[in-house]
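Asker: Just dropping this structure here.
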Amino acid sequence: MITLASDFGTPYPAAMKGVILSRSEARLVDVGHDLPRQDVRSAAFWLREVLPEFPPAVHLVVVDPGVGTDRAALVVRAGDHALVGPDNGVLFPPARALAGDGRDVDAYELAVEDPRSSTFHGRDVFAPGAAAVHEAGIDRIDTLPGVSPADDVFEFTFPTPDRREGGAVGEVLVVDEFGNAVTNVPGDMLAGRETVGINGESLPVVPSYAHVEPGTRVATVGSHGNVELAVNQGRGEEAFDVEVGTRVDLEWD
Amino acid sequence: MITLASDFGTPYPAAMKGVILSRSEARLVDVGHDLPRQDVRSAAFWLREVLPEFPPAVHLVVVDPGVGTDRAALVVRAGDHALVGPDNGVLFPPARALAGDGRDVDAYELAVEDPRSSTFHGRDVFAPGAAAVHEAGIDRIDTLPGVSPADDVFEFTFPTPDRREGGAVGEVLVVDEFGNAVTNVPGDMLAGRETVGINGESLPVVPSYAHVEPGTRVATVGSHGNVELAVNQGRGEEAFDVEVGTRVDLEWD
Amino acid sequence: MITLASDFGTPYPAAMKGVILSRSEARLVDVGHDLPRQDVRSAAFWLREVLPEFPPAVHLVVVDPGVGTDRAALVVRAGDHALVGPDNGVLFPPARALAGDGRDVDAYELAVEDPRSSTFHGRDVFAPGAAAVHEAGIDRIDTLPGVSPADDVFEFTFPTPDRREGGAVGEVLVVDEFGNAVTNVPGDMLAGRETVGINGESLPVVPSYAHVEPGTRVATVGSHGNVELAVNQGRGEEAFDVEVGTRVDLEWD
């Protein structure tokens, strides 16, 4: 099984599918191709959430604003899974989640030898790489031609909230397609609270959106386990006037 | 075969796919994940149109603005098909179409036992339910653990037009992605007519969009069999200034 | 294998999938359903780019602003591939690319006999046609009932640039989802140049977007081999104020 995730929209993902299907009988599963465009951190967040639901697979991940520069191409082994994509950090949050606690994540560099283009390594480098890993087997990545251990990869972590007496200071990590603004504040910090102060205003804490009237602004805990700023049947990021990176001050009422 | 339909965009549907693929070898087919957001009635309309084209399958349908409230989770058997989704009415218009005339539609409640989240039952309740139904077989739904006959489900019907002497009063049911405003008026009411009065203006009745010049407003009969307000190579809902629910007065010229 | 490409968005493609799956066990692969709406030329450009990556397949292509008029329905054999879609030219640029140099492209007309609708031949004509071609085999198209050689098809070619002393005059062929404006000027005309004059302004020529600071306007060569007007991490078509068909004057510095 090879999953495909990108910020390509239509029709570039089809070129990747064609390349893979010309080299492999692998089952293909679209994770989605409307990841936030050229937003490596949001892509990493979402893939960390969804890829661990899959059975063992090769995950092709192409959110690659640095395509055609000297950033490396990577294959990462994470438990029974492999990820293939650019060395811009996007692979590691999902890789660490796929590997699970205490298991190694092994990064390999994939040689980029004279690709057909400098602007579409999804088609010319990563899709062939994913097909090759699938055909060889995830436990045989190191036997593939053109693959060598990567000794210096770019990895980032998401910011952690600053816990203070009587509250916390966090930030918006991502905004989902419903407009829910997902913060980096762990949901368990809201456990047992009926209200919470958000940027100076007291809001109801609800288990899900429809516990309040349409249009009402709330704090809730999303499926990822983090505090979300949301509006029932509305768009949280607009109602709260926040975007990725906006500071969020929480005060316990 | 399991089909997937939702209003999730990217990337939430991938979590549902991963959950299913961890439990089943079922063939997955995307119906689409850009159904009108949180619009149960439009989703029901579109699924009633497209699902009957499929061979026997389990249809996972998640348009669920009430997620996390006490609305039930349902499995509905409709002929050789099953549907899995929330008890907000979205399953029944397609279920009745799938069952066909005079055949029963049987609704079962799916126990929701301490799901991982209160905001993503697509991943935590409905996808596991769809996989379980697929693995057991559509004729064995009632043998599944956690499944019991549902005795009180929410079902709606679409409004019917008011036929009057010399015309009819209907309304816009849905707007499609081309901007065509689909009414609840049966297309056969336009049979043999060359023009029709719509909200006080006489419009040509055409068999399809390109029978008039680009930009021309027309009445036509869409693939669902209903009267549509459309513009050749333009957006009908803008040109006619209508939206879902807008009253449409038809007068025979 | 049957690939599906359209400008339908959600949910109309699902009807085509259901029709095919009711008639065939074919593997289905979504090329994408957000092709530029009702834009036959852009669709033809993109399909010419991506379909040749696929192994032998039947390609269902529905961008069909003339649906329901007397334009014919076609099956086109191109090497080991077949394409099924409307006779508006959209099939031929990809068909010629799939066939390759010097190989024939054979066009057949598919009888349109009393379809269920006049507005959704994707469901009622082309999907059944694609399933039938798949089941019969691409080398047996001419044996299918309702199929006859097409003797007068509509075919267009993309405009070629006007090469002049000291430059060239081209035009924008398509704009991709990143906003890159793809011209009809072959990329090799930029070989060895560090800058190029575009509509009176000197721009850097770069191998890919991220060779300049975010927001910088550049000329580059896209994955299709043509000159693109682009902005690193921005939208080229906005920054250059161009759209499909806009004239582009290139001057060698």
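Chain identifiers are assigned as A, B, and so on, following the order in which chains appear in the structure tokens; residues are numbered from 1 within each chain, and ligands are numbered from 1 in order of appearance.
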Go through chain C and flag each residue having an atom no more than 7 Å from chain B; for those, report the closest pair of atoms plus their distance in Å to one decimal, using only C-alpha atoms, ordered by chain and rising number, as JSON lines.
Answerer:
```
{"residue": "C:Gly9", "atom": "CA", "partner": "B:Glu177", "partner_atom": "CA", "distance": 6.5}
{"residue": "C:Thr10", "atom": "CA", "partner": "B:Gly32", "partner_atom": "CA", "distance": 5.4}
{"residue": "C:Pro11", "atom": "CA", "partner": "B:Gly32", "partner_atom": "CA", "distance": 5.7}
{"residue": "C:Ala14", "atom": "CA", "partner": "B:Val31", "partner_atom": "CA", "distance": 4.8}
{"residue": "C:Ala15", "atom": "CA", "partner": "B:Val50", "partner_atom": "CA", "distance": 4.7}
{"residue": "C:Gly18", "atom": "CA", "partner": "B:Phe54", "partner_atom": "CA", "distance": 3.9}
{"residue": "C:Val19", "atom": "CA", "partner": "B:Glu53", "partner_atom": "CA", "distance": 5.3}
{"residue": "C:Leu21", "atom": "CA", "partner": "B:Phe54", "partner_atom": "CA", "distance": 6.6}
{"residue": "C:Ser22", "atom": "CA", "partner": "B:Pro55", "partner_atom": "CA", "distance": 5.1}
{"residue": "C:Pro65", "atom": "CA", "partner": "B:Ala210", "partner_atom": "CA", "distance": 6.7}
{"residue": "C:Gly66", "atom": "CA", "partner": "B:Ala210", "partner_atom": "CA", "distance": 5.3}
{"residue": "C:Val67", "atom": "CA", "partner": "B:Ser208", "partner_atom": "CA", "distance": 6.7}
{"residue": "C:Gly68", "atom": "CA", "partner": "B:Ser208", "partner_atom": "CA", "distance": 5.3}
{"residue": "C:Thr69", "atom": "CA", "partner": "B:Ala210", "partner_atom": "CA", "distance": 6.7}
{"residue": "C:Ser117", "atom": "CA", "partner": "B:Ser223", "partner_atom": "CA", "distance": 5.2}
{"residue": "C:Ser118", "atom": "CA", "partner": "B:Ser208", "partner_atom": "CA", "distance": 5.8}
{"residue": "C:Thr119", "atom": "CA", "partner": "B:Ser208", "partner_atom": "CA", "distance": 5.5}
{"residue": "C:Phe120", "atom": "CA", "partner": "B:Ser223", "partner_atom": "CA", "distance": 5.7}
```
Asker: Name the residues in contact with Gly89 of chain B at a cut-off of 10 Å, using only C-alpha atoms, excluding same-chain residues fewer than 6 positions from it; report them as a list in words.
Answerer: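 Listed by chain and then number, they are Val40, Arg41, Ala44, Val153, Phe154, Glu155, Phe156 and Thr157 of chain B.
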Asker: Keeping only N, CA and C atoms, write the selected residues as a PDB file, in the first residue's frame.
Answerer:
```pdb
ATOM      1  N   VAL B  40     -26.830  19.041   5.762  1.00  0.00           N
ATOM      2  CA  VAL B  40     -27.356  17.675   5.753  1.00  0.00           C
ATOM      3  C   VAL B  40     -28.301  17.451   4.584  1.00  0.00           C
ATOM      4  N   ARG B  41     -29.137  18.450   4.299  1.00  0.00           N
ATOM      5  CA  ARG B  41     -30.137  18.259   3.249  1.00  0.00           C
ATOM      6  C   ARG B  41     -29.498  18.184   1.866  1.00  0.00           C
ATOM      7  N   ALA B  44     -27.851  14.838   1.505  1.00  0.00           N
ATOM      8  CA  ALA B  44     -28.833  13.785   1.266  1.00  0.00           C
ATOM      9  C   ALA B  44     -29.318  13.804  -0.184  1.00  0.00           C
ATOM     10  N   VAL B 153     -35.952   7.092  14.572  1.00  0.00           N
ATOM     11  CA  VAL B 153     -34.908   7.779  13.820  1.00  0.00           C
ATOM     12  C   VAL B 153     -35.457   9.063  13.232  1.00  0.00           C
ATOM     13  N   PHE B 154     -34.547   9.972  12.923  1.00  0.00           N
ATOM     14  CA  PHE B 154     -34.939  11.236  12.321  1.00  0.00           C
ATOM     15  C   PHE B 154     -34.911  11.088  10.803  1.00  0.00           C
ATOM     16  N   GLU B 155     -36.043  11.341  10.192  1.00  0.00           N
ATOM     17  CA  GLU B 155     -36.101  11.243   8.737  1.00  0.00           C
ATOM     18  C   GLU B 155     -36.821  12.463   8.195  1.00  0.00           C
ATOM     19  N   PHE B 156     -36.291  13.044   7.135  1.00  0.00           N
ATOM     20  CA  PHE B 156     -36.985  14.166   6.512  1.00  0.00           C
ATOM     21  C   PHE B 156     -37.259  13.834   5.055  1.00  0.00           C
ATOM     22  N   THR B 157     -38.191  14.564   4.489  1.00  0.00           N
ATOM     23  CA  THR B 157     -38.429  14.454   3.051  1.00  0.00           C
ATOM     24  C   THR B 157     -38.209  15.831   2.447  1.00  0.00           C
TER      25      THR B 157
END
```
Asker: Find the residues near Gly167 of chain C: any atom within 8 Å, counting only C-alpha atoms, skip ones fewer than 2 places away on the same chain, and give them as a PyMOL selection string.
Answerer: chain C and resi 163-165+169+249-252
Asker: Save the residues we just selected, C-alpha atoms, as an mmCIF file, in the first residue's frame?
Answerer:
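File written: out.cif
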```cif
data_model
loop_
_atom_site.group_PDB
_atom_site.id
_atom_site.type_symbol
_atom_site.label_atom_id
_atom_site.label_comp_id
_atom_site.auth_asym_id
_atom_site.auth_seq_id
_atom_site.Cartn_x
_atom_site.Cartn_y
_atom_site.Cartn_z
ATOM 1 C CA ARG C 163 10.439 33.549 -32.484
ATOM 2 C CA ARG C 164 11.982 36.885 -33.345
ATOM 3 C CA GLU C 165 15.441 38.317 -33.450
ATOM 4 C CA VAL C 169 6.281 36.441 -28.451
ATOM 5 C CA ASP C 249 6.909 39.267 -24.843
ATOM 6 C CA LEU C 250 10.340 37.819 -24.154
ATOM 7 C CA GLU C 251 13.501 39.784 -24.884
ATOM 8 C CA TRP C 252 17.005 38.431 -24.500
#
```
Asker: When you look at segment 235-247 of chain B with a cut-off of 7 Å (counting only C-alpha atoms), what residues show up, excluding the ones that are within fewer than 5 positions of it in the same chain? I need them as a ChimeraX atom specification.
Answerer: /B:170-175,178-181,229-230
Asker: Using C-alpha atoms, can you export the residues from the last selection as a short mmCIF file (atom, residue, chain, number, x, y, z; two decimals), in the first residue's frame?
Answerer:
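For reference, part35.cif as written:
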```
data_model
loop_
_atom_site.label_atom_id
_atom_site.label_comp_id
_atom_site.auth_asym_id
_atom_site.auth_seq_id
_atom_site.Cartn_x
_atom_site.Cartn_y
_atom_site.Cartn_z
CA GLY B 170 -41.25 25.42 -5.83
CA GLU B 171 -37.95 26.15 -4.20
CA VAL B 172 -34.23 25.69 -4.72
CA LEU B 173 -33.12 22.39 -3.16
CA VAL B 174 -29.38 22.50 -3.86
CA VAL B 175 -26.81 24.38 -5.89
CA PHE B 178 -21.26 24.62 -11.56
CA GLY B 179 -23.71 27.02 -9.93
CA ASN B 180 -26.82 25.32 -11.33
CA ALA B 181 -29.73 25.90 -8.93
CA LEU B 229 -32.00 27.48 -13.22
CA ALA B 230 -28.76 27.72 -15.13
#
```
Asker: Within 12 Å of Ala95 of chain A, counting only C-alpha atoms, which residues show up once you throw out same-chain ones fewer than 4 positions away? Write them as an MDAnalysis selection string, please.
Answerer: chainID A and resid 44:45 47:52 57:61 74:85 89:91 99:101 103:107 155
Asker: Write out as a list in words all residues of segment 2-50 of chain A that backbone DSSP assigns to strand (DSSP E or B).
Answerer: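 Here are the strand (DSSP E or B) residues of segment 2-50 of chain A: Ile2, Thr3, Leu4, Ala5, Ser6, Leu28, Val29, Asp30, Val31 and Gly32 of chain A.
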Asker: Just give me the gap between atom CA of Ser42 of chain A and atom CA of Phe8 of chain B in Å, one decimal is fine.
Answerer: 16.3 Å
Asker: Let's see if you can do this: from backbone DSSP, list all helix (DSSP H, G or I) residues in segment 53-210 of chain C, as number ranges by chain.
Answerer: C: 53, 92-99, 121-136, 138-143, 187-190, 209-210
Asker: When you count only C-alpha atoms, which of these residues is closest to Gly146 of chain A: A:Val182, A:Ala191, A:Val112, A:Val133?
Answerer: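 Distance minimum relative to Gly146 of chain A lands on A:Val112.
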Asker: Using only C-alpha atoms, which protein or nucleic acid residues come within 9 Å of Pro186 of chain A? Drop anything in the same chain fewer than 3 positions from it, and give the result as a list of chain:residue names.
Answerer: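 Listed by chain and then number, they are A:Pro161, A:Thr183, A:Met189, A:Leu190, A:Val221, A:Gly225, A:Asn226, A:Val227.
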Asker: The selected residues should be written to file as a compact mmCIF listing (two decimals), in the first residue's frame (atoms: N, CA and C atoms).
Answerer:
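To be explicit, this is the file written out as again-v3.txt:
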```txt
# COMPACT_ATOMS: atom_id res chain seq x y z
N PRO A 161 3.28 24.80 24.85
CA PRO A 161 2.70 25.96 25.53
C PRO A 161 3.48 26.28 26.81
N THR A 183 -4.92 24.76 18.68
CA THR A 183 -3.78 25.31 19.41
C THR A 183 -2.84 24.18 19.84
N MET A 189 -5.82 20.15 29.88
CA MET A 189 -5.78 21.36 30.70
C MET A 189 -7.18 21.96 30.88
N LEU A 190 -8.13 21.55 30.04
CA LEU A 190 -9.51 22.04 30.20
C LEU A 190 -10.39 21.07 31.00
N VAL A 221 -12.11 20.45 22.72
CA VAL A 221 -10.92 19.64 22.50
C VAL A 221 -11.16 18.83 21.22
N GLY A 225 -6.74 15.96 20.26
CA GLY A 225 -6.46 16.07 21.69
C GLY A 225 -6.06 17.46 22.14
N ASN A 226 -6.01 18.42 21.24
CA ASN A 226 -5.62 19.78 21.61
C ASN A 226 -6.83 20.70 21.74
N VAL A 227 -6.62 21.82 22.44
CA VAL A 227 -7.67 22.83 22.55
C VAL A 227 -7.88 23.49 21.19
```
Asker: In Å, with one decimal, what is the gap from atom CA of Ile141 of chain B to atom CA of Tyr108 of chain B?
Answerer: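 A separation of 8.2 Å between them.
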Asker: May I ask for the distance between atom CA of Thr216 of chain A and atom CA of Ile198 of chain A, given in Å to one decimal place?
Answerer: 14.2 Å
Asker: Fewer than 2 positions away in the same chain doesn't count, so skip those; otherwise give me all residues within 10 Å of Pro128 of chain A, counting only C-alpha atoms, as a PyMOL selection string.
Answerer: chain A and resi 16-17+19-24+84+121-126+130-134
